[in-house]
Amino acid sequence: MKILALDTATEACSAALSVDGTVSERYEVIGRGHAERLLPMVQELLAEAGLALAALDGIAFGRGPGSFTGLRIGASTVKGLALATGKPVVGVSTLEALAYNAFETPALICPMLDARKAEVYAAIYRANGEGLFDVVMEEKATTPAEFLGAIDGEALFLGDGLEEHAGFIRGRLQGRARFAPPNRQWVRASSVALIGVKRHGRGERLDVASFTPRYLRRSEAEI
């Protein structure tokens, strides 16, 4: 199976290609400029693999939550590629993809992304031993205090939400809080690819004409 995966939901911009279980990736933490870097990353991956877009079985992408601008860039790129090739699209939660960086831990996995306005995008997962997760708390936009109130047991935290809230987490959870190392704090397209392969194999699909990113809350312009 050949799956192209993209993620632009955070300051990290990445693309990955999974070919029969072997994953290659382009990954940069750039803050801005996702629109300029994303397609060149795709072209580099396909060229290295000697594949054309038409040879893909499908496309997976980080559907959100995350940066509204980044999510729109990712969604519009995926729509363009899918409409041009007729390939099916699989959406992957940004938080689930982030949790995949820690799938081997027996603790609760607590990805959290900065949502601004003193909130975070967060969810709680537990690895199920099959490369996917059982959902303990559905993803939502919430306050750190509310998020921590839903945690019962030892928990591993990861994501850019830690930059502002790590001290608060330590104070509230004491010895029950653990933190992933720096190299696991960003969403990676390779994780989106691995989850996307499983979901593609189960027949999951998005309607290319109508799907939208998963924002979890309204933008400032809408408000």
# chains A, B, ... in the order shown; residues from 1 in each chain; ligands from 1
$ select_by_dssp --residues "stretch 19-147 of chain A" --states "strand (DSSP E)" --output "PyMOL selection string"
chain A and resi 19+22-29+58-64+89-93+108-116+119-127+133-142
$ write_last_selection --atoms "C-alpha atoms" --output "compact mmCIF listing (two decimals), in the first residue's frame"
# COMPACT_ATOMS: atom_id res chain seq x y z
CA VAL A 19 5.27 2.31 0.76
CA THR A 22 8.45 1.64 4.87
CA VAL A 23 8.05 5.33 5.70
CA SER A 24 10.14 8.24 4.44
CA GLU A 25 9.56 11.80 5.62
CA ARG A 26 10.34 15.47 5.15
CA TYR A 27 9.96 17.51 8.33
CA GLU A 28 10.72 21.11 9.28
CA VAL A 29 9.68 23.33 12.18
CA GLY A 58 -4.55 7.21 -1.07
CA ILE A 59 -3.75 10.40 0.81
CA ALA A 60 -3.89 10.99 4.57
CA PHE A 61 -3.67 14.33 6.31
CA GLY A 62 -3.75 15.87 9.76
CA ARG A 63 -7.31 17.21 9.82
CA GLY A 64 -6.98 19.20 13.04
CA VAL A 89 -8.55 10.77 1.34
CA VAL A 90 -8.33 9.71 4.98
CA GLY A 91 -8.48 12.27 7.80
CA VAL A 92 -6.38 11.76 10.93
CA SER A 93 -6.78 13.70 14.17
CA LEU A 108 -2.38 7.77 29.66
CA ILE A 109 -1.22 9.72 26.63
CA CYS A 110 -2.19 13.39 26.82
CA PRO A 111 -1.42 15.43 23.70
CA MET A 112 -2.06 19.15 24.03
CA LEU A 113 -1.68 21.94 21.52
CA ASP A 114 -1.73 25.64 22.23
CA ALA A 115 -5.17 27.01 21.32
CA ARG A 116 -4.43 30.55 22.55
CA GLU A 119 -6.91 27.24 26.24
CA VAL A 120 -5.48 24.08 24.75
CA TYR A 121 -6.66 21.53 22.22
CA ALA A 122 -6.40 18.27 24.12
CA ALA A 123 -7.46 14.65 24.29
CA ILE A 124 -6.63 11.60 26.37
CA TYR A 125 -5.72 8.24 24.82
CA ARG A 126 -4.48 4.85 25.88
CA ALA A 127 -2.54 2.67 23.44
CA PHE A 133 -5.73 4.11 20.60
CA ASP A 134 -8.69 3.80 22.88
CA VAL A 135 -10.18 7.25 23.51
CA VAL A 136 -10.39 8.13 27.20
CA MET A 137 -11.40 11.77 26.57
CA GLU A 138 -12.56 13.05 23.21
CA GLU A 139 -10.59 15.91 21.71
CA LYS A 140 -11.80 19.37 22.65
CA ALA A 141 -10.80 22.98 23.16
CA THR A 142 -10.58 23.37 26.91
$ residues_around --residues "A:His34" --least-positions-apart "2" --cutoff "10 Å" --atoms "only C-alpha atoms" --output "JSON list (two decimals) with C-alpha atoms, in the first residue's frame"
[["chain", "number", "residue", "atom", "x", "y", "z"],
["A", 7, "ASP", "CA", 0.50, 17.69, 8.16],
["A", 8, "THR", "CA", 0.51, 21.49, 8.54],
["A", 9, "ALA", "CA", -1.50, 21.90, 11.74],
["A", 10, "THR", "CA", 1.31, 23.34, 13.87],
["A", 11, "GLU", "CA", 4.59, 25.17, 13.36],
["A", 12, "ALA", "CA", 5.93, 21.89, 12.00],
["A", 13, "CYS", "CA", 5.41, 21.27, 8.30],
["A", 14, "SER", "CA", 5.83, 17.69, 7.16],
["A", 28, "GLU", "CA", 10.72, 21.11, 9.28],
["A", 29, "VAL", "CA", 9.68, 23.33, 12.18],
["A", 30, "ILE", "CA", 9.27, 26.60, 10.29],
["A", 31, "GLY", "CA", 6.51, 28.58, 12.00],
["A", 32, "ARG", "CA", 5.31, 30.07, 8.72],
["A", 36, "GLU", "CA", 5.77, 27.22, 0.07],
["A", 37, "ARG", "CA", 7.39, 24.09, 1.53],
["A", 38, "LEU", "CA", 4.65, 21.45, 1.43],
["A", 39, "LEU", "CA", 4.47, 20.59, -2.27],
["A", 69, "THR", "CA", -4.20, 28.91, 8.69],
["A", 70, "GLY", "CA", -2.10, 25.75, 8.69],
["A", 73, "ILE", "CA", -3.26, 25.05, 3.74],
["A", 74, "GLY", "CA", -3.20, 21.31, 4.38]]
$ residues_around --residues "A:Gly153" --least-positions-apart "4" --cutoff "9 Å" --atoms "only C-alpha atoms" --output "PDB file with N, CA and C atoms, in the first residue's frame"
ATOM      1  N   ALA A 107       1.153   4.470  30.204  1.00  0.00           N
ATOM      2  CA  ALA A 107       0.439   5.555  30.866  1.00  0.00           C
ATOM      3  C   ALA A 107      -0.608   6.157  29.938  1.00  0.00           C
ATOM      4  N   LEU A 108      -1.491   6.969  30.493  1.00  0.00           N
ATOM      5  CA  LEU A 108      -2.384   7.765  29.664  1.00  0.00           C
ATOM      6  C   LEU A 108      -1.553   8.705  28.796  1.00  0.00           C
ATOM      7  N   ARG A 176       2.555  12.227  39.190  1.00  0.00           N
ATOM      8  CA  ARG A 176       1.841  11.464  38.162  1.00  0.00           C
ATOM      9  C   ARG A 176       2.102  11.986  36.750  1.00  0.00           C
ATOM     10  N   ALA A 177       2.751  13.130  36.627  1.00  0.00           N
ATOM     11  CA  ALA A 177       2.974  13.743  35.311  1.00  0.00           C
ATOM     12  C   ALA A 177       4.352  13.410  34.768  1.00  0.00           C
TER      13      ALA A 177
END
$ atom_distance --atom1 "atom CA of A:Ala193" --atom2 "atom CA of A:Leu6"
8.0 Å
$ closest_residue --among "A:Arg188, A:Arg217, A:Lys117, A:Arg199" --to "A:Thr94" --atoms "only C-alpha atoms"
A:Arg188
$ atom_distance --atom1 "atom CA of A:Ala52" --atom2 "atom CA of A:His200"
19.3 Å
$ select_by_dssp --residues "stretch 24-107 of chain A" --states "helix (DSSP H, G or I)" --output "ChimeraX atom specification"
/A:34-49,53-55,68-85,94-102
$ write_last_selection --atoms "N, CA and C atoms" --output "short mmCIF file (atom, residue, chain, number, x, y, z; two decimals), in the first residue's frame"
data_model
loop_
_atom_site.label_atom_id
_atom_site.label_comp_id
_atom_site.auth_asym_id
_atom_site.auth_seq_id
_atom_site.Cartn_x
_atom_site.Cartn_y
_atom_site.Cartn_z
N HIS A 34 4.36 27.25 5.34
CA HIS A 34 3.92 25.89 5.01
C HIS A 34 3.51 25.77 3.55
N ALA A 35 2.84 26.77 3.02
CA ALA A 35 2.35 26.69 1.64
C ALA A 35 3.49 26.60 0.65
N GLU A 36 4.62 27.24 0.98
CA GLU A 36 5.77 27.22 0.07
C GLU A 36 6.55 25.91 0.17
N ARG A 37 6.55 25.27 1.33
CA ARG A 37 7.39 24.09 1.53
C ARG A 37 6.67 22.77 1.27
N LEU A 38 5.35 22.73 1.42
CA LEU A 38 4.65 21.45 1.43
C LEU A 38 4.77 20.69 0.12
N LEU A 39 4.42 21.30 -1.00
CA LEU A 39 4.47 20.59 -2.27
C LEU A 39 5.90 20.21 -2.68
N PRO A 40 6.91 21.06 -2.47
CA PRO A 40 8.28 20.59 -2.73
C PRO A 40 8.65 19.36 -1.92
N MET A 41 8.19 19.28 -0.67
CA MET A 41 8.43 18.07 0.12
C MET A 41 7.81 16.85 -0.54
N VAL A 42 6.57 17.01 -1.00
CA VAL A 42 5.88 15.90 -1.68
C VAL A 42 6.65 15.47 -2.92
N GLN A 43 7.08 16.43 -3.71
CA GLN A 43 7.81 16.13 -4.94
C GLN A 43 9.12 15.40 -4.64
N GLU A 44 9.82 15.83 -3.58
CA GLU A 44 11.07 15.16 -3.21
C GLU A 44 10.83 13.71 -2.81
N LEU A 45 9.81 13.47 -2.01
CA LEU A 45 9.52 12.11 -1.55
C LEU A 45 9.16 11.19 -2.73
N LEU A 46 8.30 11.68 -3.62
CA LEU A 46 7.89 10.87 -4.76
C LEU A 46 9.07 10.58 -5.68
N ALA A 47 9.91 11.59 -5.89
CA ALA A 47 11.08 11.41 -6.75
C ALA A 47 12.04 10.37 -6.17
N GLU A 48 12.28 10.44 -4.87
CA GLU A 48 13.17 9.46 -4.24
C GLU A 48 12.64 8.05 -4.34
N ALA A 49 11.32 7.91 -4.26
CA ALA A 49 10.69 6.59 -4.33
C ALA A 49 10.46 6.13 -5.76
N LEU A 53 2.23 10.49 -8.63
CA LEU A 53 1.02 10.61 -7.82
C LEU A 53 -0.02 9.56 -8.18
N ALA A 54 -0.10 9.22 -9.45
CA ALA A 54 -1.09 8.25 -9.91
C ALA A 54 -0.87 6.86 -9.32
N ALA A 55 0.35 6.60 -8.81
CA ALA A 55 0.65 5.28 -8.25
C ALA A 55 0.20 5.14 -6.80
N PHE A 68 -5.49 27.49 12.46
CA PHE A 68 -6.51 27.61 11.42
C PHE A 68 -5.87 27.79 10.05
N THR A 69 -4.87 28.67 9.97
CA THR A 69 -4.20 28.91 8.69
C THR A 69 -3.52 27.65 8.19
N GLY A 70 -2.79 26.97 9.08
CA GLY A 70 -2.10 25.75 8.69
C GLY A 70 -3.06 24.67 8.23
N LEU A 71 -4.18 24.51 8.93
CA LEU A 71 -5.16 23.50 8.56
C LEU A 71 -5.76 23.79 7.19
N ARG A 72 -6.01 25.06 6.90
CA ARG A 72 -6.56 25.41 5.59
C ARG A 72 -5.56 25.10 4.48
N ILE A 73 -4.29 25.36 4.73
CA ILE A 73 -3.26 25.05 3.74
C ILE A 73 -3.23 23.54 3.48
N GLY A 74 -3.23 22.75 4.55
CA GLY A 74 -3.20 21.31 4.38
C GLY A 74 -4.43 20.79 3.66
N ALA A 75 -5.61 21.27 4.06
CA ALA A 75 -6.85 20.78 3.45
C ALA A 75 -6.93 21.15 1.98
N SER A 76 -6.56 22.38 1.63
CA SER A 76 -6.65 22.80 0.23
C SER A 76 -5.64 22.03 -0.63
N THR A 77 -4.46 21.76 -0.08
CA THR A 77 -3.47 20.98 -0.82
C THR A 77 -3.97 19.56 -1.06
N VAL A 78 -4.53 18.95 -0.04
CA VAL A 78 -5.05 17.58 -0.16
C VAL A 78 -6.20 17.54 -1.16
N LYS A 79 -7.11 18.49 -1.08
CA LYS A 79 -8.22 18.52 -2.03
C LYS A 79 -7.70 18.63 -3.46
N GLY A 80 -6.72 19.50 -3.69
CA GLY A 80 -6.17 19.64 -5.03
C GLY A 80 -5.55 18.35 -5.55
N LEU A 81 -4.76 17.69 -4.70
CA LEU A 81 -4.13 16.44 -5.10
C LEU A 81 -5.16 15.34 -5.35
N ALA A 82 -6.16 15.28 -4.48
CA ALA A 82 -7.18 14.23 -4.60
C ALA A 82 -8.05 14.45 -5.84
N LEU A 83 -8.44 15.68 -6.10
CA LEU A 83 -9.28 15.95 -7.27
C LEU A 83 -8.50 15.73 -8.57
N ALA A 84 -7.20 16.00 -8.53
CA ALA A 84 -6.39 15.81 -9.73
C ALA A 84 -6.12 14.34 -10.04
N THR A 85 -6.08 13.51 -8.99
CA THR A 85 -5.71 12.11 -9.17
C THR A 85 -6.86 11.13 -8.97
N THR A 94 -5.12 15.42 14.47
CA THR A 94 -3.79 15.93 14.80
C THR A 94 -3.36 15.45 16.18
N LEU A 95 -4.28 15.42 17.13
CA LEU A 95 -3.95 14.99 18.47
C LEU A 95 -3.63 13.50 18.53
N GLU A 96 -4.35 12.70 17.75
CA GLU A 96 -4.05 11.27 17.70
C GLU A 96 -2.68 11.03 17.08
N ALA A 97 -2.36 11.78 16.02
CA ALA A 97 -1.05 11.65 15.40
C ALA A 97 0.05 12.05 16.38
N LEU A 98 -0.19 13.10 17.15
CA LEU A 98 0.78 13.50 18.16
C LEU A 98 0.94 12.42 19.22
N ALA A 99 -0.18 11.83 19.64
CA ALA A 99 -0.12 10.75 20.64
C ALA A 99 0.68 9.55 20.14
N TYR A 100 0.70 9.37 18.82
CA TYR A 100 1.43 8.23 18.24
C TYR A 100 2.92 8.30 18.56
N ASN A 101 3.43 9.50 18.85
CA ASN A 101 4.83 9.64 19.22
C ASN A 101 5.15 8.92 20.53
N ALA A 102 4.11 8.55 21.27
CA ALA A 102 4.32 7.91 22.57
C ALA A 102 3.49 6.64 22.71
#
$ atom_distance --atom1 "atom CA of A:Asp20" --atom2 "atom CA of A:Gly203"
17.0 Å
$ residues_around --residues "A:Arg178" --least-positions-apart "3" --cutoff "9 Å" --atoms "only C-alpha atoms" --output "list in words"
Glu154, Ala155, Leu156, Phe157, Leu158, Arg170 and Gly175 of chain A
